[in-house]
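Structure, as structure tokens:
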Amino acid sequence: MPLPYTAKQLQAAVHTGFSVALKCSGGSNASYIPYLASVDPNLIAVTIVTVDGNTFAAGDSQYQFAIESISKVFTLALVMDQVGSPALRAKVGANPTGMPFNSVMALELAKGKPMSPLVNAGAISTASLVSGKTPDERWQKILATQSAFAGRDLVLSSEINQSEQTTNFHNRAIAWLLYSAGTCYSDPIEALDIYTRQCSTLISTTDLAVMGATLANKGKNPITGKQVIGAENVRHILAEMMMEGLYTASGDFAYTVGLPGKSGVGGGILAVAPGKLAIAGFSPPLDANGNSVRGQAAVKSIAEELKLNLFEA
């Protein structure tokens with residue numbers, strides 16, 4: 001079924017979103033990871049990729065930034081394919097926490113069971129479920145999954161990984177709490193290492209939009225034509241994104257944008273319009289919730305202009 005937009009309309013929506021984002025101010029780079037603090041805060045990009053493989057971009061769309069927490073979506077997809085959505089839901093959960101993404105309190109209140117695979121506790125638990133005989137084999141499966149979604153070989157940034165591995169003290173505590181509760185399914189330090197690596201790959205907004213368009217296209221990459229994950233799991237992944245994808249602002253994002261989304265503290269943001277397209281934005285300054293200020297503005301503008309809100313009849 002052809003999309004209800006012309007190429008001219010899609011490119012115009014991207015340029016409008018980019019212009020709206022340029023006018024936004026406020027926020028600051030994530031400071032607790034040295035690499036992220038050093039990224040140029042003036043960088044900004046917006047990209048749309050449709051389910052038929054067309055790309056529309058504005059700004060620094062080829063600049064490569066740290067994927068960070070957006071990686072949680074793709075490890076979730078890998079594990080869901082490996083163990084099935086019922087098993088993953090039973091082990092990791094499928095509910096928003098209502099607390100910050102790195103909350104220890106949320107884990108304690110749930111008696112050690114993560115409530116969502118899109119917060120740090122749940123993401124570490126999910127990484128511990130990746131099958132493989134060695135930690136490196138499990139990591140390579142995660143990297144291969146990210147690459148299959150992007151349609152090209154992604155790479156780990158040793159600089160980002162080093163910056164994260166040497167400052168992830170809070171996540172180390174979470175990993176040991178998971179292990180003590182029986183909800184970390186491998187050695188906790190190995191699981192944390194793999195999780196930290198998955199957050200340290202480099203992507204552009206074009207890569208990110210292709211990754212989102214693969215979800216919009218029932219798990220089939222619209223550029224390569226490869227079926228990356230089982231189509232039956234896409235709806236569960238999108239539901240997780242709608243509930244917890246933008247941390248404590250997930251409800252606000254659903255209310256104002258009406259699309260499944262995922263953000264990362266590297267400044268990236270992704271929104272998926274099932275059956276149609278994906279929107280990716282990037283700008284390093286974050287709001288108090290950890291979401292890109294200008295990225296959110298761009299995504300909201302495009303979703304409104306193209307009438308993508310899933311809750312509109």
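Order determines the names: the first chain of the structure tokens is A, the second B, and so forth; residues in each chain are numbered 1 upward, and ligands are numbered 1 upward as they are shown.
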For the contact check between stretch 145-174 of chain A and stretch 181-204 of chain A, emit one row per residue of stretch 145-174 of chain A within 9 Å, containing the shortest atom pair and the distance in Å rounded to one decimal, counting only C-alpha atoms, chain then rising number order, as a tab-separated table.
residue	atom	partner	partner_atom	distance
A:Gln146	CA	A:Gln198	CA	8.8
A:Ala150	CA	A:Ile203	CA	8.5
A:Leu154	CA	A:Leu202	CA	6.6
A:Val155	CA	A:Thr201	CA	5.5
A:Leu156	CA	A:Thr201	CA	4.2
A:Ser157	CA	A:Thr201	CA	5.6
A:Ser158	CA	A:Ser200	CA	7.8
A:Glu159	CA	A:Ser200	CA	8.5
A:Ile160	CA	A:Ser200	CA	5.5
A:Asn161	CA	A:Ser200	CA	5.2
A:Gln162	CA	A:Ser200	CA	8.9
A:Glu164	CA	A:Thr196	CA	6.8
A:Gln165	CA	A:Thr196	CA	6.7
A:Asn168	CA	A:Thr196	CA	8.3
A:Asn171	CA	A:Leu192	CA	7.4
A:Arg172	CA	A:Leu192	CA	7.0
With all heavy atoms retained, write the just-selected residues as a short mmCIF file (atom, residue, chain, number, x, y, z; two decimals), in the first residue's frame.
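Final output, result08.cif:
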data_model
loop_
_atom_site.label_atom_id
_atom_site.label_comp_id
_atom_site.auth_asym_id
_atom_site.auth_seq_id
_atom_site.Cartn_x
_atom_site.Cartn_y
_atom_site.Cartn_z
N GLN A 146 22.36 -4.83 15.86
CA GLN A 146 22.33 -3.40 15.60
C GLN A 146 22.67 -3.11 14.13
O GLN A 146 22.01 -2.29 13.48
CB GLN A 146 23.33 -2.67 16.50
CG GLN A 146 22.94 -2.61 17.96
CD GLN A 146 23.91 -1.72 18.77
OE1 GLN A 146 24.74 -1.02 18.21
NE2 GLN A 146 23.79 -1.77 20.08
N ALA A 150 20.46 -1.35 11.10
CA ALA A 150 20.95 -0.14 10.42
C ALA A 150 21.22 -0.36 8.95
O ALA A 150 21.30 0.60 8.18
CB ALA A 150 22.22 0.37 11.11
N LEU A 154 27.96 -1.46 11.91
CA LEU A 154 28.23 -0.45 12.92
C LEU A 154 29.49 -0.84 13.69
O LEU A 154 29.89 -2.01 13.69
CB LEU A 154 27.05 -0.31 13.88
CG LEU A 154 25.71 0.09 13.25
CD1 LEU A 154 24.64 0.23 14.32
CD2 LEU A 154 25.84 1.39 12.45
N VAL A 155 30.09 0.15 14.34
CA VAL A 155 31.34 -0.13 15.07
C VAL A 155 31.24 0.38 16.50
O VAL A 155 30.52 1.34 16.79
CB VAL A 155 32.57 0.50 14.38
CG1 VAL A 155 32.77 -0.09 13.00
CG2 VAL A 155 32.42 2.02 14.30
N LEU A 156 31.98 -0.28 17.36
CA LEU A 156 32.11 0.16 18.75
C LEU A 156 33.14 1.27 18.81
O LEU A 156 34.23 1.17 18.24
CB LEU A 156 32.57 -1.01 19.61
CG LEU A 156 32.90 -0.72 21.07
CD1 LEU A 156 31.63 -0.51 21.86
CD2 LEU A 156 33.72 -1.86 21.68
N SER A 157 32.80 2.35 19.50
CA SER A 157 33.77 3.41 19.74
C SER A 157 34.55 3.08 21.01
O SER A 157 33.98 3.07 22.10
CB SER A 157 33.07 4.76 19.89
OG SER A 157 33.95 5.72 20.43
N SER A 158 35.84 2.82 20.87
CA SER A 158 36.65 2.50 22.05
C SER A 158 36.71 3.69 23.00
O SER A 158 36.76 3.53 24.22
CB SER A 158 38.05 2.08 21.62
OG SER A 158 38.67 3.10 20.86
N GLU A 159 36.65 4.90 22.43
CA GLU A 159 36.70 6.10 23.26
C GLU A 159 35.44 6.23 24.12
O GLU A 159 35.52 6.51 25.33
CB GLU A 159 36.86 7.34 22.38
CG GLU A 159 37.06 8.62 23.17
CD GLU A 159 37.26 9.84 22.29
OE1 GLU A 159 37.22 9.70 21.05
OE2 GLU A 159 37.43 10.94 22.85
N ILE A 160 34.29 6.02 23.51
CA ILE A 160 33.03 6.08 24.27
C ILE A 160 32.98 4.96 25.29
O ILE A 160 32.63 5.16 26.46
CB ILE A 160 31.81 6.01 23.33
CG1 ILE A 160 31.80 7.20 22.38
CG2 ILE A 160 30.51 5.97 24.15
CD1 ILE A 160 30.76 7.09 21.28
N ASN A 161 33.34 3.75 24.85
CA ASN A 161 33.29 2.59 25.75
C ASN A 161 34.18 2.80 26.97
O ASN A 161 33.78 2.52 28.10
CB ASN A 161 33.70 1.33 24.99
CG ASN A 161 33.50 0.08 25.81
OD1 ASN A 161 32.45 -0.12 26.43
ND2 ASN A 161 34.50 -0.77 25.82
N GLN A 162 35.39 3.30 26.74
CA GLN A 162 36.30 3.56 27.85
C GLN A 162 35.72 4.61 28.79
O GLN A 162 35.79 4.47 30.03
CB GLN A 162 37.66 4.03 27.30
CG GLN A 162 38.67 4.42 28.37
CD GLN A 162 39.18 3.24 29.18
OE1 GLN A 162 38.96 2.08 28.81
NE2 GLN A 162 39.84 3.52 30.29
N GLU A 164 32.65 5.25 29.33
CA GLU A 164 31.51 4.68 30.07
C GLU A 164 31.95 3.63 31.08
O GLU A 164 31.45 3.60 32.22
CB GLU A 164 30.52 4.06 29.08
CG GLU A 164 29.93 5.05 28.11
CD GLU A 164 28.44 4.91 27.98
OE1 GLU A 164 27.81 4.39 28.91
OE2 GLU A 164 27.91 5.36 26.97
N GLN A 165 32.86 2.76 30.67
CA GLN A 165 33.28 1.67 31.55
C GLN A 165 33.95 2.19 32.82
O GLN A 165 33.88 1.55 33.88
CB GLN A 165 34.25 0.73 30.82
CG GLN A 165 33.66 0.00 29.62
CD GLN A 165 32.86 -1.23 29.98
OE1 GLN A 165 32.56 -1.50 31.15
NE2 GLN A 165 32.47 -2.00 28.97
N ASN A 168 30.84 3.86 35.26
CA ASN A 168 29.53 3.19 35.42
C ASN A 168 29.33 2.59 36.82
O ASN A 168 28.76 1.51 36.98
CB ASN A 168 29.34 2.12 34.35
CG ASN A 168 30.34 0.97 34.44
OD1 ASN A 168 31.23 0.99 35.29
ND2 ASN A 168 30.20 -0.01 33.58
N ASN A 171 25.66 1.75 37.74
CA ASN A 171 25.17 0.54 37.07
C ASN A 171 25.79 -0.73 37.64
O ASN A 171 25.18 -1.80 37.61
CB ASN A 171 25.45 0.63 35.57
CG ASN A 171 24.44 1.52 34.86
OD1 ASN A 171 23.36 1.80 35.37
ND2 ASN A 171 24.79 1.96 33.66
N ARG A 172 27.01 -0.62 38.17
CA ARG A 172 27.61 -1.80 38.83
C ARG A 172 26.77 -2.21 40.04
O ARG A 172 26.55 -3.40 40.28
CB ARG A 172 29.04 -1.48 39.26
CG ARG A 172 30.01 -1.27 38.12
CD ARG A 172 31.41 -0.94 38.61
NE ARG A 172 32.17 -0.19 37.62
CZ ARG A 172 33.39 0.25 37.79
NH1 ARG A 172 34.01 0.03 38.96
NH2 ARG A 172 34.01 0.93 36.85
#
What's around stretch 27-33 of chain A at 6 Å? Count only C-alpha atoms, leave out sequence neighbours fewer than 3 positions away in its own chain, and write the answer as a PDB file with C-alpha atoms, in the first residue's frame.
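Output file out09.pdb is given in full below:
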ATOM      1  CA  LEU A  36      29.225  13.002  25.991  1.00  0.00           C
ATOM      2  CA  ALA A  37      30.058  16.194  27.823  1.00  0.00           C
ATOM      3  CA  PRO A 284      23.200  16.720  22.452  1.00  0.00           C
ATOM      4  CA  PRO A 285      21.596  19.131  24.986  1.00  0.00           C
ATOM      5  CA  LEU A 286      19.168  17.187  27.207  1.00  0.00           C
ATOM      6  CA  ASP A 287      16.267  18.231  29.406  1.00  0.00           C
TER       7      ASP A 287
END
Could you pull the residues within 10 Å of A:Gly93, counting only C-alpha atoms, minus those fewer than 6 positions along the same chain, as a VMD selection string? chain A and resid 86 to 87 113 to 117 122 240
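The closest residue to A:Met80, picked from A:Thr126, A:Thr55, A:Ser19, A:Gln296 and counting only C-alpha atoms, is A:Thr126.
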Using 12 Å as the limit and counting only C-alpha atoms, can you tabulate each residue of stretch 218-243 of chain A that touches stretch 205-213 of chain A, with its shortest atom-to-atom distance in Å and the two atoms involved, as CSV?
residue,atom,partner,partner_atom,distance
A:Lys218,CA,A:Ala213,CA,8.7
A:Gly219,CA,A:Ala213,CA,8.4
A:Lys220,CA,A:Ala213,CA,8.4
A:Asn221,CA,A:Ala213,CA,7.1
A:Pro222,CA,A:Ala213,CA,6.9
A:Ile223,CA,A:Val210,CA,7.5
A:Thr224,CA,A:Val210,CA,10.0
A:Gly225,CA,A:Val210,CA,11.5
A:Lys226,CA,A:Met211,CA,11.9
A:Val228,CA,A:Met211,CA,10.0
A:Ile229,CA,A:Met211,CA,11.6
A:Val234,CA,A:Gly212,CA,10.9
A:Ile237,CA,A:Gly212,CA,11.2
A:Leu238,CA,A:Gly212,CA,10.1
A:Met241,CA,A:Gly212,CA,11.3
Given only C-alpha atoms as the basis, pick out the residue of A:Lys23, A:Ala121, A:Thr47, A:Leu129 nearest to A:Thr75. A:Leu129
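Closest to A:Val49 among A:Gln62, A:Asn95, A:Phe311, A:Asn217 is A:Asn217, based on only C-alpha atoms.
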